[in-house]
Structure formats: structure tokens, C-alpha cells
file run36.tsv (TSV, C-alpha atoms)
chain	number	residue	atom	x	y	z
A	1	MET	CA	-2.78	20.75	-9.43
A	2	LYS	CA	-3.41	17.16	-8.48
A	3	ILE	CA	-6.41	16.72	-6.20
A	4	ILE	CA	-6.29	13.45	-4.31
A	5	TYR	CA	-9.42	12.32	-2.49
A	6	HIS	CA	-8.63	9.59	0.02
A	7	CYS	CA	-10.50	7.34	2.41
A	8	TYR	CA	-10.00	3.99	4.13
A	9	GLY	CA	-10.55	1.57	1.26
A	10	GLY	CA	-10.66	3.87	-1.76
A	11	ALA	CA	-13.89	2.25	-2.92
A	12	HIS	CA	-16.79	4.37	-1.78
A	13	SER	CA	-16.54	7.85	-0.28
A	14	SER	CA	-13.41	8.93	-2.14
A	15	VAL	CA	-14.76	7.55	-5.42
A	16	THR	CA	-18.06	9.36	-4.83
A	17	ALA	CA	-16.31	12.63	-4.00
A	18	ALA	CA	-14.04	12.42	-7.04
A	19	SER	CA	-17.03	11.60	-9.26
A	20	ILE	CA	-19.00	14.56	-7.94
A	21	HIS	CA	-15.97	16.75	-8.55
A	22	LEU	CA	-15.86	15.75	-12.19
A	23	GLY	CA	-19.60	15.94	-12.72
A	24	LEU	CA	-20.01	12.18	-13.13
A	25	LEU	CA	-22.48	12.41	-10.26
A	26	PRO	CA	-24.82	15.33	-9.55
A	27	SER	CA	-23.95	17.77	-6.80
A	28	ASP	CA	-27.45	19.10	-6.18
A	29	ARG	CA	-29.42	15.91	-5.64
A	30	VAL	CA	-28.91	12.37	-4.39
A	31	PRO	CA	-28.41	10.02	-7.34
A	32	GLY	CA	-30.14	6.69	-7.66
A	33	SER	CA	-28.48	3.41	-6.78
A	34	GLU	CA	-27.94	2.63	-10.46
A	35	SER	CA	-25.83	5.75	-10.92
A	36	LEU	CA	-23.50	4.63	-8.14
A	37	TRP	CA	-23.40	1.02	-9.37
A	38	GLN	CA	-22.40	2.19	-12.80
A	39	LEU	CA	-19.39	4.17	-11.61
A	40	PRO	CA	-16.33	2.26	-12.84
A	41	PHE	CA	-14.51	2.35	-9.51
A	42	TYR	CA	-17.34	2.21	-6.99
A	43	ASP	CA	-17.01	-0.78	-4.63
A	44	ARG	CA	-14.34	-2.32	-6.85
A	45	GLN	CA	-10.93	-1.74	-5.27
A	46	GLY	CA	-9.22	-4.68	-3.59
A	47	ASN	CA	-6.71	-4.71	-0.74
A	48	ASP	CA	-3.85	-5.31	-3.14
A	49	GLU	CA	-4.50	-1.93	-4.76
A	50	HIS	CA	-4.48	0.16	-1.61
A	51	GLY	CA	-2.01	3.01	-1.89
A	52	HIS	CA	-2.28	3.27	-5.66
A	53	PHE	CA	-3.50	6.61	-7.01
A	54	PHE	CA	-6.30	6.12	-9.52
A	55	PHE	CA	-6.71	8.89	-12.06
A	56	ILE	CA	-10.34	9.61	-12.72
A	57	GLY	CA	-10.23	12.70	-14.91
A	58	ARG	CA	-9.62	16.44	-15.21
A	59	ASP	CA	-12.03	19.01	-13.87
A	60	GLU	CA	-13.18	22.19	-15.59
A	61	TYR	CA	-10.16	24.11	-14.24
A	62	GLY	CA	-7.69	21.58	-15.60
A	63	HIS	CA	-6.86	19.99	-12.26
A	64	GLU	CA	-6.19	16.26	-12.25
A	65	VAL	CA	-8.45	14.34	-9.91
A	66	TYR	CA	-7.34	11.11	-8.22
A	67	PHE	CA	-8.55	8.92	-5.43
A	68	THR	CA	-6.72	6.45	-3.25
A	69	ALA	CA	-7.02	4.17	-0.25
A	70	ARG	CA	-4.79	4.62	2.76
A	71	ARG	CA	-6.57	2.43	5.31
A	72	GLY	CA	-6.61	3.99	8.76
A	73	ARG	CA	-3.51	6.12	8.17
A	74	PRO	CA	-4.30	9.54	6.74
A	75	VAL	CA	-1.40	11.12	8.60
A	76	VAL	CA	1.07	8.63	7.13
A	77	LEU	CA	-0.19	9.49	3.66
A	78	GLU	CA	0.29	13.19	4.36
A	79	TYR	CA	3.77	12.71	5.84
A	80	VAL	CA	4.99	10.44	3.04
A	81	LEU	CA	3.75	12.74	0.28
A	82	LYS	CA	5.12	15.80	2.02
A	83	GLY	CA	8.48	14.08	2.48
A	84	LEU	CA	8.65	13.00	-1.15
A	85	ALA	CA	7.65	16.46	-2.31
A	86	GLU	CA	10.51	17.96	-0.29
A	87	ILE	CA	13.01	15.43	-1.58
A	88	PHE	CA	12.14	16.00	-5.23
A	89	GLU	CA	11.39	19.72	-4.82
A	90	ILE	CA	7.81	19.36	-5.88
A	91	PRO	CA	5.92	22.52	-4.84
A	92	SER	CA	3.36	21.86	-2.16
A	93	SER	CA	0.83	23.70	-4.28
A	94	ASP	CA	1.07	20.95	-6.88
A	95	TYR	CA	-1.13	18.58	-4.95
A	96	LEU	CA	-4.05	18.68	-2.54
A	97	LEU	CA	-5.02	15.86	-0.21
A	98	VAL	CA	-8.68	15.71	0.74
A	99	ASN	CA	-9.77	13.38	3.51
A	100	VAL	CA	-13.29	12.18	2.80
A	101	MET	CA	-13.41	9.76	5.72
A	102	GLN	CA	-15.16	12.22	8.03
A	103	ASN	CA	-18.28	11.84	5.92
A	104	VAL	CA	-18.45	8.06	6.16
A	105	ASN	CA	-21.31	6.72	8.28
A	106	TRP	CA	-21.66	3.33	9.93
A	107	THR	CA	-23.85	1.98	7.17
A	108	MET	CA	-21.09	2.63	4.66
A	109	LYS	CA	-18.47	1.12	6.94
A	110	LEU	CA	-20.50	-2.04	7.52
A	111	GLY	CA	-21.47	-2.38	3.87
A	112	GLY	CA	-17.90	-1.74	2.73
A	113	TYR	CA	-16.55	-4.29	5.19
A	114	LEU	CA	-19.02	-6.95	4.07
A	115	SER	CA	-18.44	-6.28	0.39
A	116	ARG	CA	-14.69	-5.62	0.20
A	117	ARG	CA	-13.31	-7.48	3.17
A	118	CYS	CA	-15.65	-10.44	3.42
A	119	GLY	CA	-16.54	-10.73	-0.24
A	120	LEU	CA	-20.28	-10.65	0.50
A	121	ILE	CA	-21.05	-8.32	-2.38
A	122	LYS	CA	-24.75	-9.10	-2.63
A	123	VAL	CA	-25.25	-8.03	0.97
A	124	GLY	CA	-22.59	-5.38	1.35
A	125	ARG	CA	-23.02	-3.41	-1.83
A	126	PRO	CA	-26.68	-2.44	-1.35
A	127	LEU	CA	-25.85	-1.47	2.23
A	128	VAL	CA	-22.93	0.73	1.27
A	129	ILE	CA	-24.98	2.38	-1.44
A	130	LEU	CA	-27.66	3.14	1.12
A	131	GLY	CA	-25.06	4.72	3.38
A	132	THR	CA	-23.49	6.65	0.52
A	133	ARG	CA	-26.83	8.15	-0.42
A	134	ALA	CA	-27.40	9.14	3.21
A	135	ALA	CA	-24.05	10.91	3.38
A	136	TYR	CA	-24.26	12.27	-0.15
A	137	PHE	CA	-24.86	15.93	0.59
A	138	GLN	CA	-22.03	16.04	3.13
A	139	ILE	CA	-19.68	14.65	0.50
A	140	ALA	CA	-21.02	17.09	-2.10
A	141	ASP	CA	-20.47	19.98	0.33
A	142	LEU	CA	-16.88	18.92	0.83
A	143	VAL	CA	-16.34	18.78	-2.92
A	144	ARG	CA	-17.91	22.23	-3.28
A	145	GLN	CA	-15.46	23.62	-0.73
A	146	VAL	CA	-12.53	22.00	-2.51
A	147	LYS	CA	-13.60	23.42	-5.86
A	148	ASN	CA	-14.06	26.91	-4.41
A	149	GLN	CA	-10.58	26.82	-3.00
A	150	VAL	CA	-8.76	25.41	-6.01
A	151	LYS	CA	-10.36	27.43	-8.77
A	152	ASP	CA	-8.27	30.47	-7.84
A	153	TYR	CA	-5.41	28.59	-6.22
A	154	SER	CA	-2.06	30.27	-5.83
A	155	GLU	CA	1.17	29.06	-4.24
A	156	GLU	CA	-0.53	28.74	-0.85
A	157	LEU	CA	-2.04	25.34	-0.37
A	158	PHE	CA	-4.93	24.18	1.73
A	159	VAL	CA	-4.67	20.64	3.02
A	160	LEU	CA	-8.14	19.55	4.04
A	161	GLN	CA	-6.95	16.75	6.27
A	162	ARG	CA	-8.71	17.04	9.55
A	163	LYS	CA	-11.69	19.25	8.87
A	164	TYR	CA	-14.69	17.72	10.58
A	165	PHE	CA	-18.05	17.31	8.90
A	166	PRO	CA	-20.93	15.57	10.65
A	167	PRO	CA	-21.43	12.20	8.99
A	168	GLY	CA	-24.67	11.52	7.18
A	169	SER	CA	-27.23	9.39	8.97
A	170	PHE	CA	-29.35	6.56	7.64
A	171	GLY	CA	-32.77	7.78	6.57
A	172	ARG	CA	-32.00	11.46	6.86
A	173	CYS	CA	-31.05	12.38	3.35
A	174	ASP	CA	-33.40	14.61	1.41
A	175	SER	CA	-34.87	11.66	-0.50
A	176	TYR	CA	-36.98	10.85	2.54
A	177	ARG	CA	-38.27	14.29	3.49
A	178	SER	CA	-38.93	17.64	1.93
A	179	PRO	CA	-35.76	19.02	0.41
A	180	SER	CA	-34.42	22.19	1.95
A	181	LYS	CA	-32.42	25.16	0.75
A	182	GLY	CA	-33.02	24.68	-2.92
A	183	ARG	CA	-32.02	21.03	-3.03
A	184	HIS	CA	-33.86	18.51	-5.17
A	185	ALA	CA	-35.20	15.23	-3.82
A	186	GLY	CA	-33.20	12.31	-5.09
A	187	GLN	CA	-34.55	9.46	-7.09
A	188	ARG	CA	-35.49	6.27	-5.28
B	1	MET	CA	20.01	2.67	11.32
B	2	ALA	CA	20.64	1.05	7.99
B	3	GLY	CA	20.65	4.50	6.41
B	4	ALA	CA	23.03	5.79	9.08
B	5	ILE	CA	25.42	2.89	8.40
B	6	HIS	CA	25.15	3.72	4.69
B	7	THR	CA	26.18	7.35	5.17
B	8	GLY	CA	28.76	6.62	7.86
B	9	LEU	CA	26.87	8.12	10.79
B	10	LEU	CA	27.15	4.66	12.36
B	11	PRO	CA	30.13	2.35	11.96
B	12	LYS	CA	29.68	-0.60	9.61
B	13	ASP	CA	31.92	-3.00	11.51
B	14	GLY	CA	30.26	-2.99	14.91
B	15	MET	CA	27.63	-1.37	17.04
B	16	PRO	CA	28.73	1.85	18.78
B	17	ASP	CA	28.44	2.48	22.52
B	18	ARG	CA	24.92	2.58	23.86
B	19	ASP	CA	25.24	6.18	25.04
B	20	LYS	CA	26.59	7.33	21.69
B	21	LEU	CA	23.84	5.41	19.88
B	22	TRP	CA	20.97	7.02	21.79
B	23	LYS	CA	22.36	10.51	21.35
B	24	LEU	CA	21.88	10.30	17.59
B	25	PRO	CA	19.07	12.67	16.56
B	26	PHE	CA	17.05	10.09	14.65
B	27	MET	CA	16.92	7.58	17.52
B	28	ASN	CA	13.35	8.52	18.36
B	29	LEU	CA	11.26	5.44	18.89
B	30	LYS	CA	8.19	7.28	20.15
B	31	SER	CA	6.86	8.74	16.98
B	32	GLY	CA	7.70	9.33	13.35
B	33	ASP	CA	5.47	6.87	11.55
B	34	GLY	CA	5.46	7.99	7.93
B	35	LYS	CA	8.02	10.76	8.31
B	36	ILE	CA	10.97	10.72	5.94
B	37	ILE	CA	14.21	11.54	7.76
B	38	SER	CA	17.27	12.78	5.91
B	39	LEU	CA	20.50	10.99	6.82
B	40	GLY	CA	22.85	12.88	4.56
B	41	LYS	CA	24.76	11.71	1.50
B	42	ASP	CA	26.92	8.67	0.89
B	43	GLY	CA	30.31	8.60	-0.75
B	44	GLN	CA	28.80	8.62	-4.25
B	45	GLY	CA	26.67	11.67	-3.57
B	46	ASP	CA	23.42	9.74	-3.30
B	47	LYS	CA	21.04	11.17	-0.74
B	48	VAL	CA	19.95	8.69	1.90
B	49	TYR	CA	16.68	8.84	3.82
B	50	ALA	CA	14.89	6.70	6.37
B	51	LEU	CA	11.19	5.95	6.47
B	52	SER	CA	9.49	4.06	9.26
B	53	VAL	CA	6.05	2.59	8.71
B	54	LYS	CA	3.97	0.12	10.63
B	55	GLY	CA	1.91	-2.61	9.10
B	56	ASP	CA	1.53	-3.23	5.40
B	57	ARG	CA	4.66	-2.20	3.55
B	58	GLU	CA	3.18	-2.99	0.13
B	59	MET	CA	0.63	-0.21	0.48
B	60	ILE	CA	3.41	2.30	1.18
B	61	TYR	CA	5.40	1.03	-1.83
B	62	ARG	CA	2.38	1.52	-4.07
B	63	LEU	CA	1.79	4.94	-2.58
B	64	ILE	CA	5.35	6.04	-3.24
B	65	ASP	CA	5.41	4.53	-6.75
B	66	SER	CA	2.10	6.18	-7.62
B	67	PHE	CA	3.14	9.59	-6.35
B	68	MET	CA	6.40	9.39	-8.25
B	69	GLU	CA	4.51	8.43	-11.39
B	70	ILE	CA	1.90	11.16	-11.23
B	71	SER	CA	4.59	13.73	-10.43
B	72	GLY	CA	6.56	12.70	-13.50
B	73	MET	CA	9.60	11.46	-11.59
B	74	PRO	CA	11.75	8.85	-13.37
B	75	ALA	CA	11.57	5.41	-11.79
B	76	GLY	CA	15.31	5.18	-11.15
B	77	GLU	CA	15.38	8.29	-8.98
B	78	LEU	CA	14.37	6.40	-5.87
B	79	TYR	CA	15.65	3.09	-4.54
B	80	LEU	CA	13.66	1.57	-1.71
B	81	VAL	CA	15.40	-0.87	0.61
B	82	ASP	CA	13.39	-2.78	3.17
B	83	SER	CA	15.38	-3.24	6.34
B	84	CYS	CA	13.02	-6.03	7.47
B	85	ALA	CA	13.13	-4.76	11.03
B	86	GLY	CA	9.60	-5.94	11.68
B	87	ASP	CA	10.66	-9.41	12.73
B	88	ASN	CA	12.89	-8.22	15.56
B	89	ILE	CA	10.77	-8.84	18.65
B	90	LEU	CA	13.15	-7.12	21.06
B	91	LEU	CA	13.21	-3.96	18.96
B	92	LEU	CA	9.45	-3.94	18.54
B	93	ALA	CA	8.89	-4.47	22.25
B	94	GLY	CA	11.43	-1.79	23.07
B	95	SER	CA	9.80	0.72	20.75
B	96	VAL	CA	6.39	0.07	22.30
B	97	LEU	CA	7.71	0.54	25.84
B	98	CYS	CA	9.64	3.67	24.89
B	99	ARG	CA	6.36	5.45	24.27
B	100	SER	CA	5.66	5.38	27.99
B	101	ASN	CA	7.72	7.76	30.11
B	102	LEU	CA	7.62	5.27	32.98
B	103	LEU	CA	8.77	2.27	30.99
B	104	ALA	CA	11.10	4.10	28.61
B	105	PRO	CA	14.32	2.97	30.37
B	106	LEU	CA	13.25	-0.68	30.05
B	107	GLY	CA	12.20	0.00	26.48
B	108	ARG	CA	15.63	1.40	25.62
B	109	HIS	CA	17.28	-1.64	27.16
B	110	LEU	CA	15.21	-4.00	25.05
B	111	ALA	CA	15.64	-1.85	21.95
B	112	THR	CA	19.42	-1.79	22.43
B	113	ALA	CA	19.44	-5.59	22.68
B	114	GLY	CA	17.34	-5.76	19.51
B	115	ILE	CA	19.64	-3.38	17.68
B	116	LYS	CA	22.67	-5.39	18.76
B	117	LYS	CA	21.03	-8.55	17.48
B	118	SER	CA	20.28	-7.13	14.03
B	119	TYR	CA	23.27	-4.82	13.57
B	120	GLY	CA	25.36	-7.33	11.65
B	121	ARG	CA	22.49	-8.15	9.30
B	122	LEU	CA	21.80	-4.47	8.66
B	123	SER	CA	25.45	-3.83	7.94
B	124	SER	CA	25.52	-6.70	5.40
B	125	MET	CA	22.32	-5.45	3.82
B	126	VAL	CA	23.79	-1.97	3.40
B	127	LYS	CA	26.90	-3.48	1.82
B	128	CYS	CA	24.73	-5.38	-0.71
B	129	SER	CA	22.65	-2.30	-1.47
B	130	LYS	CA	25.76	-0.25	-2.15
B	131	LEU	CA	26.94	-2.91	-4.60
B	132	GLU	CA	23.60	-2.83	-6.45
B	133	LEU	CA	23.43	0.95	-6.78
B	134	PRO	CA	25.95	1.35	-9.62
B	135	GLU	CA	23.91	-1.11	-11.75
B	136	LEU	CA	20.78	0.94	-11.15
B	137	ARG	CA	22.48	4.14	-12.24
B	138	VAL	CA	23.27	2.71	-15.70
call {"tool": "encode", "arguments": {"input": "run36.tsv", "output": "C-alpha cells"}}
result
Amino acid sequence: MKIIYHCYGGAHSSVTAASIHLGLLPSDRVPGSESLWQLPFYDRQGNDEHGHFFFIGRDEYGHEVYFTARRGRPVVLEYVLKGLAEIFEIPSSDYLLVNVMQNVNWTMKLGGYLSRRCGLIKVGRPLVILGTRAAYFQIADLVRQVKNQVKDYSEELFVLQRKYFPPGSFGRCDSYRSPSKGRHAGQR
Amino acid sequence: MAGAIHTGLLPKDGMPDRDKLWKLPFMNLKSGDGKIISLGKDGQGDKVYALSVKGDREMIYRLIDSFMEISGMPAGELYLVDSCAGDNILLLAGSVLCRSNLLAPLGRHLATAGIKKSYGRLSSMVKCSKLELPELRV
């Protein structure tokens, strides 16, 4: 199965989700800023790469993990892929689209805009990292759900397109207060 | 429409009557962004489809190319032809107005005028595409 995480710009939330999926980032604590900076695709993708599927690796079940940018058009992505799959008789269980955009907070949006759109990397990148860390557990929860559903996948496919998760808020991640439910405080 | 001309659903030598045009099942200007519509087969057995997207076409091209690549589909299996309908102001205005039930009749009027304006160009484009297809099959 091909698991495709997608978001607006394909530079932050989808990269984070895909990295958590493959174990490049921890799923039980918020990583430090350096861990996010060091990801090869984090805050890197330009507008001229939107739409391209970037392969990031295979998970422990053998599923291929990708991420992509689709700007503000998740439904178009779903329709186009579904249409192509029907044309070329690709089983719908061969791919899974996961919309990560519901977990993106305003800090990430502003930081991403400043960094990717305006080119103000020195200002935008720290801001988007801050927002990513705030939304981290929501993204990790989404990845956990995806992994639970695909590890025993059959011919029936779940398309996690419009499932709503409350976005993370600035200053409310477990790094700033006592961790709950067995979570570990992240590094600062 | 270009696809319909290609498969013979629409005549290549002139626009059909307005009533006949709007009765065609794919003449839905209200919705369908991203949906791939089947228009049948041409004389050579090639399947023809239509895809309508707003905004940046390049992103959609990359999306399609990427999906084909990761699915293991050969590059020559799909031939994308841009109808360049985005620069037809009458058609764009008509499609916007058609979304409103109140303004739909005006929208159809404008859209029909836009289609009439671009019909000859679409027909020529289809003719050129058909000539290029045999070279792509080699």
C-alpha cells in the first residue's frame, strides 16, 4: 500500500506525519527544534514542486510512505487519484490519502507563509517549528490511527480525508506543562 | 468539449444547436473540479477523458505524473492535452453565473457565446492531437 500524507504546501505537517510514521521522529514525545531542522524535507519544498509525490521510506509493514502538497484542494487530489485509479484499474486499496491539514495551527500557517511564500526563512522557520511542536501530539495521534488501520488492511480502504482533529495551540504542548497519560515532556 | 469532438460526440466542423449542446450529460458547469469524465473511445480505440481544474495546471500535471510513476504505469499510457480554456472570459463568466440558480440562464447564454468563440480553435487542437497520437504509440 502507498500511504500519501498531504497538506497545503507539503513542507511541514505532512513531512512531520510521514517522518513520525517511519520512526524518523518520536511518537511519544515532542522532539527538539534541531530534530525538525534536520529532516531532509522539512520547510524545503518550493511552489514548483507542489503536486509531486515525495517518497520518504517504507514502514515496518512494508507500506510505502509519501507526502505531497496540494495547496487548498484536498478534494481535487482525491478525485484525480480516484479517477486515475479507475482508468488504470488500480485497486483502491493500493493507496491511502491522509489529510494532515486539520492539525495545522495558525502559527504553522504564518511561519510557513513567511518561510515558503515570502522567502523570510530566518523569521518563518522558527515560527513554523514552534507551531509544529505545539501540534505534534495531534499529528502523532493521526499517524497512530493510520498505522492501526493499515497494519491489517484488506481490500476495504479507509480514506482519512475529512476527519476532524482539534488543531494544536501555541504553548499548550506537553513541553510546557506536566505530561499526561504516559507522555514524556519534550526537549526544549 | 475537446474530448467530445475527439470521440465524435460533438461535430468537428461546427458547433451544434444550443439545445442539443446543453443536453449533453457532461455539460455541467456547476461542479466537477478534479473529476475525470469518460467520453468514450475514438476511432483508434483510445479512451478519451476530460478533466477540469481551476488554477495552477502545473501542479495537476505533476500530481498525475507522480501517481502514474509510483503506480508503475508506463509514461506513454496517458497523453494530456491542455485545452487552454482558461483565457475565454465569456466561458469563465458563464460558468461562474451558472452556479447560481437565479443567474443560470444568463450564465448559459454567456457560456454558449464563449463556446461558440472557441469552438473552431478546439476543433483544430483536436485535429493536431489526433495527428500526434500515432507518433506517441511508436
call {"tool": "closest_atom_pairs", "arguments": {"input": "run36.tsv", "of": "chain A", "to": "chain B", "cutoff": "7 Å", "atoms": "all atoms listed in the file", "output": "tab-separated table"}}
result
residue	atom	partner	partner_atom	distance
A:His50	CA	B:Met59	CA	5.5
A:Gly51	CA	B:Leu63	CA	4.3
A:His52	CA	B:Arg62	CA	5.2
A:Phe53	CA	B:Ser66	CA	5.6
A:Val76	CA	B:Gly34	CA	4.5
A:Tyr79	CA	B:Lys35	CA	5.3
A:Val80	CA	B:Gly34	CA	5.5
A:Gly83	CA	B:Ile36	CA	5.4
call {"tool": "residues_around", "arguments": {"input": "run36.tsv", "residues": "range 110-122 of chain B", "least_positions_apart": "2", "cutoff": "8 Å", "atoms": "only C-alpha atoms", "output": "ChimeraX atom specification"}}
result
/B:1-2,13-15,18,83,88-95,106-108,124-126
call {"tool": "residues_around", "arguments": {"input": "run36.tsv", "residues": "range 8-11 of chain A", "least_positions_apart": "2", "cutoff": "10 Å", "atoms": "all atoms listed in the file", "output": "number ranges by chain"}}
result
A: 5-6, 13-16, 41-47, 49-54, 67-74, 99-101, 104, 109, 112-113, 116-117
call {"tool": "atom_distance", "arguments": {"input": "run36.tsv", "atom1": "CA of Leu24 in chain A", "atom2": "CA of Arg58 in chain A"}}
result
11.4 Å
call {"tool": "atom_distance", "arguments": {"input": "run36.tsv", "atom1": "CA of Ala50 in chain B", "atom2": "CA of Cys128 in chain B"}}
result
17.1 Å
call {"tool": "atom_distance", "arguments": {"input": "run36.tsv", "atom1": "CA of Leu96 in chain A", "atom2": "CA of Val146 in chain A"}}
result
9.1 Å
call {"tool": "residues_around", "arguments": {"input": "run36.tsv", "residues": "Gly8 in chain B", "least_positions_apart": "4", "cutoff": "10 Å", "atoms": "only C-alpha atoms", "output": "number ranges by chain"}}
result
B: 2-4, 12, 39-43
call {"tool": "write_last_selection", "arguments": {"input": "run36.tsv", "atoms": "C-alpha atoms", "output": "mmCIF file, keeping the file's coordinate frame"}}
result
data_model
loop_
_atom_site.group_PDB
_atom_site.id
_atom_site.type_symbol
_atom_site.label_atom_id
_atom_site.label_comp_id
_atom_site.auth_asym_id
_atom_site.auth_seq_id
_atom_site.Cartn_x
_atom_site.Cartn_y
_atom_site.Cartn_z
ATOM 1 C CA ALA B 2 20.640 1.050 7.990
ATOM 2 C CA GLY B 3 20.650 4.500 6.410
ATOM 3 C CA ALA B 4 23.030 5.790 9.080
ATOM 4 C CA LYS B 12 29.680 -0.600 9.610
ATOM 5 C CA LEU B 39 20.500 10.990 6.820
ATOM 6 C CA GLY B 40 22.850 12.880 4.560
ATOM 7 C CA LYS B 41 24.760 11.710 1.500
ATOM 8 C CA ASP B 42 26.920 8.670 0.890
ATOM 9 C CA GLY B 43 30.310 8.600 -0.750
#
call {"tool": "decode", "arguments": {"input": "run36.tsv", "residues": "range 91-120 of chain B", "atoms": "N, CA and C atoms", "output": "short mmCIF file (atom, residue, chain, number, x, y, z; two decimals), in the first residue's frame"}}
result
data_model
loop_
_atom_site.label_atom_id
_atom_site.label_comp_id
_atom_site.auth_asym_id
_atom_site.auth_seq_id
_atom_site.Cartn_x
_atom_site.Cartn_y
_atom_site.Cartn_z
N LEU B 91 -16.68 32.25 -21.30
CA LEU B 91 -16.92 30.92 -20.74
C LEU B 91 -16.72 30.91 -19.24
N LEU B 92 -15.69 31.60 -18.79
CA LEU B 92 -15.43 31.67 -17.35
C LEU B 92 -16.57 32.38 -16.63
N ALA B 93 -16.99 33.52 -17.22
CA ALA B 93 -18.08 34.27 -16.60
C ALA B 93 -19.36 33.44 -16.59
N GLY B 94 -19.60 32.75 -17.70
CA GLY B 94 -20.80 31.91 -17.78
C GLY B 94 -20.78 30.79 -16.75
N SER B 95 -19.62 30.18 -16.56
CA SER B 95 -19.54 29.07 -15.60
C SER B 95 -19.73 29.58 -14.18
N VAL B 96 -19.27 30.79 -13.89
CA VAL B 96 -19.48 31.35 -12.55
C VAL B 96 -20.95 31.61 -12.31
N LEU B 97 -21.62 32.22 -13.31
CA LEU B 97 -23.03 32.55 -13.15
C LEU B 97 -23.92 31.32 -13.12
N CYS B 98 -23.49 30.26 -13.77
CA CYS B 98 -24.30 29.04 -13.81
C CYS B 98 -24.43 28.39 -12.44
N ARG B 99 -23.54 28.75 -11.54
CA ARG B 99 -23.61 28.15 -10.20
C ARG B 99 -24.80 28.67 -9.41
N SER B 100 -25.29 29.83 -9.82
CA SER B 100 -26.44 30.42 -9.14
C SER B 100 -27.70 30.03 -9.90
N ASN B 101 -28.70 29.54 -9.18
CA ASN B 101 -29.95 29.14 -9.84
C ASN B 101 -30.62 30.34 -10.50
N LEU B 102 -30.48 31.50 -9.84
CA LEU B 102 -31.14 32.71 -10.37
C LEU B 102 -30.48 33.21 -11.65
N LEU B 103 -29.18 33.16 -11.68
CA LEU B 103 -28.43 33.71 -12.81
C LEU B 103 -28.02 32.65 -13.83
N ALA B 104 -28.45 31.42 -13.62
CA ALA B 104 -28.04 30.34 -14.52
C ALA B 104 -28.41 30.59 -15.98
N PRO B 105 -29.63 31.11 -16.27
CA PRO B 105 -29.96 31.35 -17.70
C PRO B 105 -28.99 32.33 -18.36
N LEU B 106 -28.63 33.40 -17.64
CA LEU B 106 -27.66 34.36 -18.17
C LEU B 106 -26.30 33.68 -18.33
N GLY B 107 -25.96 32.85 -17.33
CA GLY B 107 -24.69 32.15 -17.38
C GLY B 107 -24.60 31.23 -18.60
N ARG B 108 -25.70 30.55 -18.91
CA ARG B 108 -25.69 29.65 -20.08
C ARG B 108 -25.54 30.44 -21.37
N HIS B 109 -26.16 31.61 -21.40
CA HIS B 109 -26.06 32.48 -22.57
C HIS B 109 -24.61 32.88 -22.83
N LEU B 110 -23.97 33.32 -21.74
CA LEU B 110 -22.57 33.74 -21.85
C LEU B 110 -21.68 32.55 -22.20
N ALA B 111 -21.95 31.43 -21.55
CA ALA B 111 -21.13 30.24 -21.79
C ALA B 111 -21.28 29.77 -23.24
N THR B 112 -22.50 29.85 -23.76
CA THR B 112 -22.72 29.45 -25.16
C THR B 112 -21.94 30.36 -26.10
N ALA B 113 -21.93 31.66 -25.79
CA ALA B 113 -21.16 32.60 -26.61
C ALA B 113 -19.67 32.27 -26.52
N GLY B 114 -19.21 31.91 -25.33
CA GLY B 114 -17.81 31.56 -25.15
C GLY B 114 -17.45 30.29 -25.89
N ILE B 115 -18.36 29.32 -25.85
CA ILE B 115 -18.11 28.06 -26.56
C ILE B 115 -18.06 28.30 -28.06
N LYS B 116 -18.97 29.14 -28.54
CA LYS B 116 -19.00 29.45 -29.97
C LYS B 116 -17.69 30.10 -30.41
N LYS B 117 -17.19 30.96 -29.54
CA LYS B 117 -15.96 31.69 -29.85
C LYS B 117 -14.74 30.75 -29.94
N SER B 118 -14.73 29.74 -29.09
CA SER B 118 -13.53 28.88 -29.03
C SER B 118 -13.70 27.54 -29.75
N TYR B 119 -14.87 27.32 -30.33
CA TYR B 119 -15.14 26.00 -30.93
C TYR B 119 -14.18 25.65 -32.05
N GLY B 120 -13.93 26.65 -32.92
CA GLY B 120 -13.03 26.40 -34.04
C GLY B 120 -11.62 26.06 -33.57
#
